[in-house]
Every structure is written in structure tokens, then in C-alpha cells.
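S.K.: Sharing entry_38.txt here; it has compact mmCIF, C-alpha atoms (C1' of nucleotides).
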```txt
# COMPACT_ATOMS: atom_id res chain seq x y z
CA MET J 280 2.96 -10.38 24.56
CA LYS J 281 5.40 -7.82 23.23
CA GLY J 282 8.88 -7.35 21.82
CA GLN J 283 10.21 -8.61 18.54
CA LYS J 284 13.36 -10.03 16.92
CA PRO J 285 16.19 -7.52 16.78
CA GLY J 286 15.76 -7.02 13.03
CA VAL J 287 12.78 -4.65 12.95
CA LYS J 288 13.83 -1.24 11.75
CA ARG J 289 10.96 1.19 12.15
CA ARG J 290 10.84 4.68 10.73
CA SER J 291 9.94 5.89 14.21
CA GLY J 292 8.95 4.56 17.61
CA CYS J 293 5.45 6.01 17.42
CA PRO J 294 2.86 3.29 17.99
CA LEU J 295 0.71 4.62 15.17
CA ASN J 296 3.66 4.29 12.87
CA ALA J 297 4.10 0.68 13.92
CA SER J 298 0.46 -0.04 13.14
CA VAL J 299 0.73 1.65 9.79
CA GLU J 300 3.90 -0.19 8.85
CA ILE J 301 2.24 -3.52 9.62
CA LEU J 302 -1.31 -2.86 8.42
CA GLY J 303 -1.06 0.16 6.14
CA ASP J 304 -1.79 -1.33 2.77
CA ARG J 305 -4.81 -2.11 0.64
CA TRP J 306 -5.25 -5.76 1.68
CA SER J 307 -4.10 -6.80 5.14
CA LEU J 308 -7.12 -5.48 7.02
CA LEU J 309 -9.50 -6.96 4.45
CA ILE J 310 -8.03 -10.41 5.00
CA ILE J 311 -8.39 -9.95 8.75
CA ARG J 312 -11.99 -8.84 8.23
CA ASP J 313 -12.67 -12.01 6.23
CA MET J 314 -11.36 -14.13 9.06
CA MET J 315 -12.91 -12.19 11.92
CA LEU J 316 -16.31 -11.33 10.53
CA ARG J 317 -16.96 -13.85 7.78
CA GLY J 318 -15.29 -16.91 9.22
CA TYR J 319 -13.06 -17.45 6.21
CA ARG J 320 -10.21 -19.84 6.88
CA SER J 321 -8.76 -20.86 3.52
CA TYR J 322 -6.78 -19.35 0.68
CA ASN J 323 -9.57 -19.92 -1.83
CA GLN J 324 -12.12 -18.24 0.38
CA PHE J 325 -9.98 -15.11 0.56
CA LEU J 326 -9.61 -15.15 -3.20
CA GLN J 327 -13.37 -15.13 -3.58
CA SER J 328 -13.88 -11.97 -1.56
CA PRO J 329 -15.52 -9.29 -3.67
CA GLU J 330 -12.48 -6.98 -3.68
CA GLY J 331 -10.55 -9.44 -5.84
CA ILE J 332 -7.06 -9.74 -4.43
CA ALA J 333 -4.42 -11.19 -6.77
CA THR J 334 -3.08 -14.63 -5.89
CA ASN J 335 0.53 -13.57 -5.45
CA ILE J 336 -0.41 -10.61 -3.26
CA LEU J 337 -2.60 -12.83 -1.12
CA ALA J 338 0.22 -15.32 -0.61
CA ASP J 339 2.56 -12.49 0.32
CA ARG J 340 0.14 -10.86 2.77
CA LEU J 341 -0.59 -14.14 4.50
CA ARG J 342 3.15 -14.60 4.92
CA GLN J 343 3.55 -11.10 6.37
CA LEU J 344 0.58 -11.47 8.71
CA GLU J 345 1.98 -14.75 9.98
CA LYS J 346 5.43 -13.24 10.38
CA HIS J 347 3.89 -10.48 12.50
CA GLY J 348 2.02 -12.98 14.64
CA ILE J 349 -1.41 -11.80 13.58
CA ILE J 350 -2.42 -15.10 12.03
CA ARG J 351 -1.17 -18.67 12.27
CA THR J 352 -1.53 -21.63 9.95
CA ALA J 353 -2.63 -25.17 10.71
CA PRO J 354 -2.99 -28.18 8.41
CA ASP J 355 -6.59 -29.17 7.76
CA PRO J 356 -7.08 -32.52 9.51
CA SER J 357 -9.59 -33.79 6.96
CA ASP J 358 -7.89 -32.61 3.76
CA GLY J 359 -4.13 -32.58 3.37
CA ARG J 360 -4.25 -30.01 0.58
CA LYS J 361 -5.91 -27.41 2.72
CA VAL J 362 -4.23 -24.96 5.06
CA ARG J 363 -6.29 -23.34 7.77
CA TYR J 364 -5.48 -19.69 8.46
CA LEU J 365 -6.45 -18.67 11.98
CA LEU J 366 -6.35 -15.40 13.89
CA THR J 367 -4.07 -15.24 16.89
CA ARG J 368 -4.97 -13.23 19.98
CA LYS J 369 -2.94 -10.38 18.53
CA GLY J 370 -5.03 -10.60 15.38
CA MET J 371 -8.28 -10.71 17.34
CA ASP J 372 -7.17 -7.61 19.21
CA LEU J 373 -7.61 -5.73 15.95
CA ALA J 374 -11.39 -6.01 16.35
CA PRO J 375 -11.72 -2.48 17.81
CA VAL J 376 -9.64 -1.03 14.99
CA LEU J 377 -11.81 -2.70 12.35
CA THR J 378 -14.94 -1.61 14.15
CA GLU J 379 -13.94 2.04 14.27
CA MET J 380 -12.90 2.00 10.64
CA VAL J 381 -16.24 0.50 9.65
CA LEU J 382 -18.17 3.07 11.68
CA TRP J 383 -16.14 5.93 10.27
CA ALA J 384 -16.73 4.92 6.66
CA ALA J 385 -20.38 4.18 7.31
CA ALA J 386 -20.79 7.68 8.74
CA HIS J 387 -18.96 9.52 5.96
CA GLU J 388 -19.04 7.44 2.80
CA GLU J 389 -21.63 5.64 0.77
CA THR J 390 -21.35 2.07 1.89
CA GLY J 391 -23.35 -1.13 2.14
CA ASN J 392 -23.72 -3.84 4.79
CA GLN J 393 -25.93 -1.71 6.98
CA ALA J 394 -26.85 -4.76 9.08
CA LEU J 395 -23.30 -5.04 10.35
CA VAL J 396 -23.02 -1.29 10.85
CA GLN J 397 -26.24 -1.23 12.79
CA ARG J 398 -25.06 -3.92 15.18
CA MET J 399 -21.80 -2.10 15.77
CA ARG J 400 -23.51 1.24 16.33
CA GLU J 401 -26.22 0.02 18.65
CA ASP J 402 -23.88 -1.64 21.10
CA LYS J 403 -20.22 -1.62 20.24
CA ASP J 404 -19.08 -3.43 23.37
CA ARG J 405 -21.56 -6.19 22.90
CA PHE J 406 -20.55 -6.61 19.29
CA LEU J 407 -16.91 -6.91 20.29
CA ALA J 408 -17.77 -9.36 23.05
CA GLU J 409 -19.58 -11.56 20.56
CA VAL J 410 -16.70 -11.56 18.12
CA ARG J 411 -14.27 -12.44 20.90
CA GLN J 412 -16.49 -15.19 22.23
CA ARG J 413 -16.68 -16.85 18.84
CA TRP J 414 -12.91 -16.80 18.68
CA GLU J 415 -12.43 -18.26 22.17
CA LYS J 416 -14.79 -21.05 21.29
CA GLU J 417 -12.86 -21.92 18.15
CA GLN J 418 -9.63 -22.02 20.14
CA GLY J 419 -11.17 -24.62 22.42
CA GLU J 420 -12.26 -26.78 19.50
CA HIS J 421 -8.80 -28.02 18.57
CA SER J 422 -6.94 -28.35 21.84
CA ARG J 423 -5.53 -24.88 21.37
CA MET N 289 -22.61 14.26 5.86
CA LYS N 290 -22.50 11.44 3.33
CA GLY N 291 -22.55 10.62 -0.34
CA GLN N 292 -19.96 11.46 -2.92
CA LYS N 293 -19.61 12.47 -6.55
CA PRO N 294 -20.78 9.80 -8.97
CA GLY N 295 -17.22 9.00 -10.00
CA VAL N 296 -16.09 6.81 -7.06
CA LYS N 297 -15.60 3.24 -8.17
CA ARG N 298 -14.98 1.05 -5.16
CA ARG N 299 -13.85 -2.57 -5.26
CA SER N 300 -16.78 -3.36 -2.97
CA GLY N 301 -19.46 -1.66 -0.89
CA CYS N 302 -18.02 -2.89 2.38
CA PRO N 303 -17.36 0.04 4.73
CA LEU N 304 -14.03 -1.40 5.77
CA ASN N 305 -13.01 -1.49 2.14
CA ALA N 306 -13.92 2.17 1.78
CA SER N 307 -11.74 3.05 4.77
CA VAL N 308 -8.87 1.02 3.42
CA GLU N 309 -9.11 2.55 -0.03
CA ILE N 310 -8.96 6.04 1.47
CA LEU N 311 -6.54 5.51 4.33
CA GLY N 312 -4.73 2.28 3.52
CA ASP N 313 -1.24 3.47 2.78
CA ARG N 314 1.93 4.24 4.66
CA TRP N 315 1.38 7.98 5.13
CA SER N 316 -2.19 9.28 5.29
CA LEU N 317 -2.83 8.34 8.90
CA LEU N 318 0.53 9.72 9.98
CA ILE N 319 -0.33 13.10 8.50
CA ILE N 320 -3.66 13.02 10.30
CA ARG N 321 -1.87 12.10 13.53
CA ASP N 322 0.44 15.10 13.09
CA MET N 323 -2.53 17.40 12.74
CA MET N 324 -4.69 15.85 15.45
CA LEU N 325 -2.16 15.06 18.13
CA ARG N 326 0.79 17.35 17.46
CA GLY N 327 -0.98 20.41 16.18
CA TYR N 328 0.96 20.52 12.92
CA ARG N 329 -0.61 22.79 10.34
CA SER N 330 1.99 23.38 7.61
CA TYR N 331 3.75 21.47 4.86
CA ASN N 332 7.17 21.98 6.41
CA GLN N 333 6.02 20.69 9.76
CA PHE N 334 4.82 17.47 8.16
CA LEU N 335 8.14 17.13 6.38
CA GLN N 336 9.95 17.33 9.70
CA SER N 337 8.07 14.41 11.23
CA PRO N 338 10.48 11.65 12.20
CA GLU N 339 9.18 9.16 9.64
CA GLY N 340 10.57 11.29 6.80
CA ILE N 341 7.96 11.49 4.08
CA ALA N 342 9.19 12.55 0.63
CA THR N 343 8.07 15.96 -0.61
CA ASN N 344 6.19 14.70 -3.66
CA ILE N 345 4.39 12.03 -1.67
CA LEU N 346 3.39 14.58 0.95
CA ALA N 347 1.98 16.92 -1.69
CA ASP N 348 0.05 14.04 -3.22
CA ARG N 349 -1.36 12.82 0.10
CA LEU N 350 -2.47 16.29 1.11
CA ARG N 351 -4.28 16.54 -2.23
CA GLN N 352 -5.99 13.18 -1.70
CA LEU N 353 -6.97 13.96 1.88
CA GLU N 354 -8.48 17.25 0.77
CA LYS N 355 -10.28 15.56 -2.12
CA HIS N 356 -11.81 13.12 0.37
CA GLY N 357 -12.91 15.93 2.65
CA ILE N 358 -10.66 14.88 5.52
CA ILE N 359 -8.64 18.07 5.56
CA ARG N 360 -9.12 21.56 4.17
CA THR N 361 -6.67 24.31 3.33
CA ALA N 362 -6.70 27.97 4.31
CA PRO N 363 -4.27 30.76 3.50
CA ASP N 364 -2.24 31.87 6.48
CA PRO N 365 -3.47 35.39 7.31
CA SER N 366 -0.08 36.57 8.54
CA ASP N 367 2.16 35.02 5.85
CA GLY N 368 1.09 34.74 2.24
CA ARG N 369 3.55 31.94 1.54
CA LYS N 370 2.07 29.63 4.09
CA VAL N 371 -0.89 27.31 3.66
CA ARG N 372 -2.70 26.09 6.73
CA TYR N 373 -3.90 22.49 6.59
CA LEU N 374 -6.83 21.86 8.91
CA LEU N 375 -8.83 18.81 9.85
CA THR N 376 -12.48 18.79 8.90
CA ARG N 377 -15.12 17.15 11.08
CA LYS N 378 -14.74 14.05 8.94
CA GLY N 379 -11.02 14.11 9.65
CA MET N 380 -11.57 14.61 13.37
CA ASP N 381 -13.91 11.64 13.37
CA LEU N 382 -10.87 9.49 12.71
CA ALA N 383 -9.76 10.04 16.31
CA PRO N 384 -11.21 6.72 17.52
CA VAL N 385 -9.50 4.87 14.67
CA LEU N 386 -6.14 6.41 15.50
CA THR N 387 -6.65 5.70 19.18
CA GLU N 388 -7.39 2.02 18.65
CA MET N 389 -4.43 1.64 16.32
CA VAL N 390 -2.13 3.24 18.88
CA LEU N 391 -3.45 1.02 21.66
CA TRP N 392 -3.10 -2.09 19.55
CA ALA N 393 0.51 -1.40 18.61
CA ALA N 394 1.36 -0.36 22.16
CA ALA N 395 -0.01 -3.68 23.40
CA HIS N 396 1.70 -5.89 20.85
CA GLU N 397 4.79 -4.13 19.53
CA GLU N 398 7.78 -2.38 20.96
CA THR N 399 6.86 1.27 20.78
CA GLY N 400 7.60 4.58 22.41
CA ASN N 401 5.49 7.57 23.48
CA GLN N 402 4.19 5.81 26.56
CA ALA N 403 2.82 9.09 27.91
CA LEU N 404 0.29 9.27 25.10
CA VAL N 405 -0.52 5.58 25.38
CA GLN N 406 -1.07 5.91 29.10
CA ARG N 407 -3.54 8.75 28.65
CA MET N 408 -5.46 6.77 26.06
CA ARG N 409 -5.53 3.63 28.16
CA GLU N 410 -6.55 5.22 31.42
CA ASP N 411 -9.59 6.96 30.03
CA LYS N 412 -10.22 6.61 26.35
CA ASP N 413 -13.42 8.63 26.31
CA ARG N 414 -11.84 11.51 28.15
CA PHE N 415 -8.89 11.50 25.80
CA LEU N 416 -11.22 11.65 22.80
CA ALA N 417 -13.26 14.41 24.40
CA GLU N 418 -10.12 16.48 24.92
CA VAL N 419 -9.00 16.05 21.34
CA ARG N 420 -12.44 17.05 20.08
CA GLN N 421 -12.62 20.03 22.35
CA ARG N 422 -9.32 21.39 21.10
CA TRP N 423 -10.63 21.06 17.56
CA GLU N 424 -13.93 22.81 18.31
CA LYS N 425 -12.03 25.65 19.88
CA GLU N 426 -9.82 26.07 16.82
CA GLN N 427 -12.89 26.19 14.60
CA GLY N 428 -14.22 29.06 16.64
CA GLU N 429 -10.99 31.00 16.33
CA HIS N 430 -11.37 31.94 12.68
CA SER N 431 -15.04 32.55 12.08
CA ARG N 432 -15.46 28.96 10.87
C1' DA C 152 -3.87 -47.92 -10.86
C1' DC C 153 -5.34 -44.03 -13.59
C1' DC C 154 -7.39 -39.83 -14.60
C1' DT C 155 -9.33 -35.44 -13.34
C1' DA C 156 -10.19 -31.83 -10.00
C1' DT C 157 -8.86 -29.03 -6.24
C1' DT C 158 -5.80 -26.34 -3.20
C1' DA C 159 -2.22 -23.48 -2.41
C1' DC C 160 0.73 -21.61 -4.23
C1' DT C 161 4.99 -19.56 -7.89
C1' DT C 162 6.69 -17.19 -12.05
C1' DG C 163 6.86 -13.66 -15.64
C1' DT C 164 6.01 -9.30 -16.97
C1' DA C 165 3.61 -4.84 -17.39
C1' DA C 166 1.83 -0.97 -14.81
C1' DA C 167 1.63 1.90 -10.89
C1' DA C 168 3.33 3.76 -6.57
C1' DT C 169 7.23 5.27 -3.85
C1' DG C 170 11.63 7.44 -2.82
C1' DC C 171 15.34 10.62 -3.61
C1' DA C 172 17.65 14.71 -5.52
C1' DA C 173 17.18 18.77 -7.73
C1' DG C 174 14.69 22.63 -9.55
C1' DT C 175 10.77 26.24 -9.62
C1' DT C 176 7.46 29.99 -8.11
C1' DA C 177 5.56 33.24 -4.96
C1' DT C 178 6.02 35.79 -1.00
C1' DA C 179 8.73 37.70 2.90
C1' DA C 180 12.63 39.51 5.40
C1' DT C 181 16.93 42.40 5.40
C1' DA F 169 17.85 44.68 -4.56
C1' DT F 170 19.23 40.39 -2.57
C1' DT F 171 18.60 36.51 -0.03
C1' DA F 172 15.69 33.28 2.42
C1' DT F 173 11.61 30.61 3.11
C1' DA F 174 7.32 27.92 2.01
C1' DA F 175 5.12 25.04 -0.89
C1' DC F 176 5.44 22.79 -4.15
C1' DT F 177 6.98 20.17 -9.23
C1' DT F 178 9.98 17.35 -12.21
C1' DG F 179 12.92 13.51 -13.55
C1' DC F 180 14.36 9.18 -12.80
C1' DA F 181 15.56 4.80 -10.31
C1' DT F 182 13.60 1.38 -7.29
C1' DT F 183 9.91 -1.11 -5.29
C1' DT F 184 5.28 -2.70 -5.09
C1' DT F 185 1.11 -4.17 -7.25
C1' DA F 186 -1.72 -6.34 -10.81
C1' DC F 187 -2.88 -9.72 -14.11
C1' DA F 188 -2.24 -14.08 -16.59
C1' DA F 189 -0.36 -18.33 -16.68
C1' DG F 190 1.84 -22.32 -14.83
C1' DT F 191 3.14 -25.94 -11.10
C1' DA F 192 3.32 -29.43 -7.09
C1' DA F 193 0.85 -32.00 -3.79
C1' DT F 194 -3.04 -34.05 -2.42
C1' DA F 195 -7.99 -35.99 -3.08
C1' DG F 196 -11.81 -38.27 -5.30
C1' DG F 197 -13.93 -41.16 -8.61
C1' DT F 198 -13.81 -45.35 -11.84
```
Output the file's structure in the form of C-alpha cells.
M.R.:
Amino acid sequence: MKGQKPGVKRRSGCPLNASVEILGDRWSLLIIRDMMLRGYRSYNQFLQSPEGIATNILADRLRQLEKHGIIRTAPDPSDGRKVRYLLTRKGMDLAPVLTEMVLWAAAHEETGNQALVQRMREDKDRFLAEVRQRWEKEQGEHSR
Amino acid sequence: MKGQKPGVKRRSGCPLNASVEILGDRWSLLIIRDMMLRGYRSYNQFLQSPEGIATNILADRLRQLEKHGIIRTAPDPSDGRKVRYLLTRKGMDLAPVLTEMVLWAAAHEETGNQALVQRMREDKDRFLAEVRQRWEKEQGEHSR
DNA sequence: ACCTATTACTTGTAAAATGCAAGTTATAAT
DNA sequence: ATTATAACTTGCATTTTACAAGTAATAGGT
């Protein structure tokens, strides 16, 4: 579950730097949130998120996330126009990062969605277990 | 420890979006890492980090981080040319975010600094307690 | 078969952010 | 008095982002 093609030139070997080079932009983590927490699976769903990502940026970010192995794509069996975007294990493993970022902002900024925050705060491990369980289940649903 | 001036227009109220709007760029978290984990306190130290931030970008990020209450500045008592950049409580509270990002990258990418990663993995809570304790101690050192 | 809608994009272009080199100001050291 | 250091700023080229519009491949309805 590690290693990469010999073409990745990082500014440094620091793991935080790696994270920041992959995820450090305005949109990537929001797309992952949409998949992980809202169950979004399609291009149009992402477009309808309240933050309002531009179509070309969305297409680019989905490409990057796939290239980094954080998401994968699958054709929709019931509609040939649709593409299903799905989190990989690597993508799911970002759940603790998202959680801590949510809790930090909720503690220090004026934010909404207090229901979600409450669940995370009351029992973080349980929250993470639930998110993971949902994902495992979905994996089972289509052979893999 | 919350609320902000009535001039903050966010794309959405989602706490993750707030985090991403404040921290979602290539440099902010690296500066915070330098302060939290390496004990860097001055402009020139940040410049010498291996990732190689440009001087104008560094100046801008320090301004933004201070504006968001994540860092504060203090004149160096022994050298009038120097400015000391210090983490606030809000900045310190990013420790869990940094930790999870480090652990994620260490698990899924080719990264270095395995000593740090090992300490985080073996006992995350202890690691965080140590980081916090160092910060508390520094606060004591200069009256506040 | 034909027409319209939907889905996932691409293209063009303006605006903003980033990166690099060089210059500036205030203080300190010699 | 001169030189060095620390923390910046400025100018400009390059890259990234944003917004509006357009396109190709299905799908659904008549």
C-alpha cells in the first residue's frame, strides 16, 4: 500500500509535505467530504455542492484524485452516461484528517452543521467506525 | 474562543470548508509544522525549510495566519531586527490535524522522517501531550 | 426514427495566485 | 563609519483558478 511511479518529484520527503502537495488546495478535501459524508457519487452531485466548484476545476481535481489513488471511477451499470466516483481505501483513510479539520474549525470559527460536529465530538472513534462500515458495505455491493 | 469580524464571507457554513479556506494551500500548514515540530520562530528559519518557500509568499502567509489568529508576533527582546512568530492556542489546536496528515501520508506515500512517524503511531495521545506541554512551557517563559 | 434532455466533460479567456530575482529599511556588529 | 543581517517589498513572468459557453455520448419519450 505504498510507493509510487518514479516520476514524483516532491519538494521534500516530509510526510506533511506529501499530504499538502496532494491535498493542499481549495477543493480536493471538499470533494472527498462529499463522497465520504454525503454519499455523492457523480459529477453533477459535486457540482451542486454549496461551495460552487467550477466545472473545469472539478474535472481536473477528479483526475488528480484518481491519479493519486484516492478515488476510482466505475461506469454506472444502469445509465451509460453516468460515471460513478468511489473512494478507495486510501481515500477512506482520510476520514481522521477530515474529522480533525472539522473539529478544529468548529472550535475556532463560526460554522454550521452542528449535528455532524456533535457526533464527531461525542465519540470520535465511533463516528469513524460508522463511516468505515458504510464504505465496507458499499465495497461488498458490487463484487469489489 | 469563536466568532469573527462581520467581514468573513465563506462559500459555505461547513466547518471543513472553513478549514480549507484558511489552511488549504501549499504553505500554511508547512509553516505551522515548522513552528510546532521544529521550534522555528523567525522569518529566516522558515525560509531555510527544505521546501523552499518564496520570500513574498512567506510574508503573505505569515500575515494571513496572524489575521486568522493562528500565530502572533512579538519583538525579539535581545535583537531589535528580529520578529518572533509564535503559535497561539488556536494554532496549537492544529496539532491533531497535522498528526493525522502525517500518518496518512506515511501510510500511503513514500516519505521520510520515520522517527517522527514512529512516535506518532506508537502513542498518538502521548505525542500530542508532549507537543502541547512544550507550548505551555514557552507561554510561561515570557509573562504570557 | 426523431427530438429533447441529461451527463460528463472541454475550450476560451480574464483574473488571481505563485515563483523568482532584485531592491529596500531598520537594527546590529566590527 | 562601514558592513552585515533580518524582515520584508517590488516588478514581472508563469501558473492556477474562475466564469461562461460549447460539445459528444448516451437516454428517454413520441
S.K.: Between CA of Leu304 in chain N and CA of Arg405 in chain J, what is the distance in Å, rounded to a tenth?
M.R.: 19.3 Å
S.K.: How close does each residue of chain C get to range 173-189 of chain F, giving the shortest atom pair and distance in Å to one decimal for every residue with an atom at most 10 Å away, counting all atoms listed in the file, sorted by chain and residue number, as a tab-separated table?
M.R.:
```
residue	atom	partner	partner_atom	distance
C:DT162	C1'	F:DA189	C1'	8.5
C:DG163	C1'	F:DA189	C1'	8.7
C:DT164	C1'	F:DC187	C1'	9.3
C:DA165	C1'	F:DA186	C1'	8.6
C:DA166	C1'	F:DA186	C1'	7.6
C:DA167	C1'	F:DT185	C1'	7.1
C:DA168	C1'	F:DT184	C1'	6.9
C:DT169	C1'	F:DT183	C1'	7.1
C:DG170	C1'	F:DT182	C1'	7.8
C:DC171	C1'	F:DA181	C1'	8.9
C:DA172	C1'	F:DG179	C1'	9.4
C:DA173	C1'	F:DT178	C1'	8.6
C:DG174	C1'	F:DT178	C1'	7.6
C:DT175	C1'	F:DT177	C1'	7.2
C:DT176	C1'	F:DC176	C1'	8.5
C:DA177	C1'	F:DA174	C1'	8.9
C:DT178	C1'	F:DA174	C1'	8.5
C:DA179	C1'	F:DT173	C1'	7.7
C:DA180	C1'	F:DT173	C1'	9.2
```
S.K.: Report the distance between CA of Val296 in chain N and CA of Gln352 in chain N in Å, rounded to one decimal place.
M.R.: 13.1 Å
S.K.: Using all atoms listed in the file, can you tell me which of J:Cys293, J:Ile310, J:Ala333, J:Val410 comes closest to chain F?
M.R.: J:Ala333
S.K.: Distance cut-off 9 Å, counting all atoms listed in the file - which residues of chain N neighbour chain J? Return them as a CSV table (one decimal) with C-alpha atoms, keeping the file's coordinate frame.
M.R.:
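Result saved to selection.csv:
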```csv
chain,number,residue,atom,x,y,z
N,289,MET,CA,-22.6,14.3,5.9
N,290,LYS,CA,-22.5,11.4,3.3
N,291,GLY,CA,-22.6,10.6,-0.3
N,292,GLN,CA,-20.0,11.5,-2.9
N,298,ARG,CA,-15.0,1.0,-5.2
N,299,ARG,CA,-13.8,-2.6,-5.3
N,300,SER,CA,-16.8,-3.4,-3.0
N,301,GLY,CA,-19.5,-1.7,-0.9
N,302,CYS,CA,-18.0,-2.9,2.4
N,303,PRO,CA,-17.4,0.0,4.7
N,304,LEU,CA,-14.0,-1.4,5.8
N,305,ASN,CA,-13.0,-1.5,2.1
N,306,ALA,CA,-13.9,2.2,1.8
N,307,SER,CA,-11.7,3.0,4.8
N,308,VAL,CA,-8.9,1.0,3.4
N,309,GLU,CA,-9.1,2.6,0.0
N,311,LEU,CA,-6.5,5.5,4.3
N,312,GLY,CA,-4.7,2.3,3.5
N,313,ASP,CA,-1.2,3.5,2.8
N,314,ARG,CA,1.9,4.2,4.7
N,315,TRP,CA,1.4,8.0,5.1
N,317,LEU,CA,-2.8,8.3,8.9
N,318,LEU,CA,0.5,9.7,10.0
N,321,ARG,CA,-1.9,12.1,13.5
N,338,PRO,CA,10.5,11.6,12.2
N,339,GLU,CA,9.2,9.2,9.6
N,340,GLY,CA,10.6,11.3,6.8
N,378,LYS,CA,-14.7,14.0,8.9
N,381,ASP,CA,-13.9,11.6,13.4
N,382,LEU,CA,-10.9,9.5,12.7
N,384,PRO,CA,-11.2,6.7,17.5
N,385,VAL,CA,-9.5,4.9,14.7
N,386,LEU,CA,-6.1,6.4,15.5
N,387,THR,CA,-6.6,5.7,19.2
N,388,GLU,CA,-7.4,2.0,18.6
N,389,MET,CA,-4.4,1.6,16.3
N,390,VAL,CA,-2.1,3.2,18.9
N,391,LEU,CA,-3.4,1.0,21.7
N,392,TRP,CA,-3.1,-2.1,19.6
N,393,ALA,CA,0.5,-1.4,18.6
N,394,ALA,CA,1.4,-0.4,22.2
N,395,ALA,CA,0.0,-3.7,23.4
N,396,HIS,CA,1.7,-5.9,20.8
N,397,GLU,CA,4.8,-4.1,19.5
N,398,GLU,CA,7.8,-2.4,21.0
N,399,THR,CA,6.9,1.3,20.8
N,400,GLY,CA,7.6,4.6,22.4
N,401,ASN,CA,5.5,7.6,23.5
N,405,VAL,CA,-0.5,5.6,25.4
```
S.K.: Using all atoms listed in the file, find which residues of chain C lie within 8 Å of chain J and jot them down as a ChimeraX atom specification.
M.R.: /C:158-161
S.K.: Quick one: pull the distance between CA of Arg351 in chain N and CA of Phe334 in chain N, Å, one decimal.
M.R.: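 Result for CA of Arg351 in chain N versus CA of Phe334 in chain N: 13.8 Å, one decimal.
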S.K.: Go through J:Ile336, J:Thr352, J:Leu407, J:Leu366 and flag the residue nearest chain F, using all atoms listed in the file for the distances.
M.R.: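 Answer, going by the shortest atom-to-atom distance: J:Ile336.
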S.K.: List the residues sitting within 12 Å of (-13.1, -41.7, -7.2) in the file's frame, using all atoms listed in the file, as a list of chain:residue names.
M.R.: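 Answer for this query, in the requested form: C:DA152, C:DC153, C:DC154, C:DT155, C:DA156, F:DA195, F:DG196, F:DG197, F:DT198.
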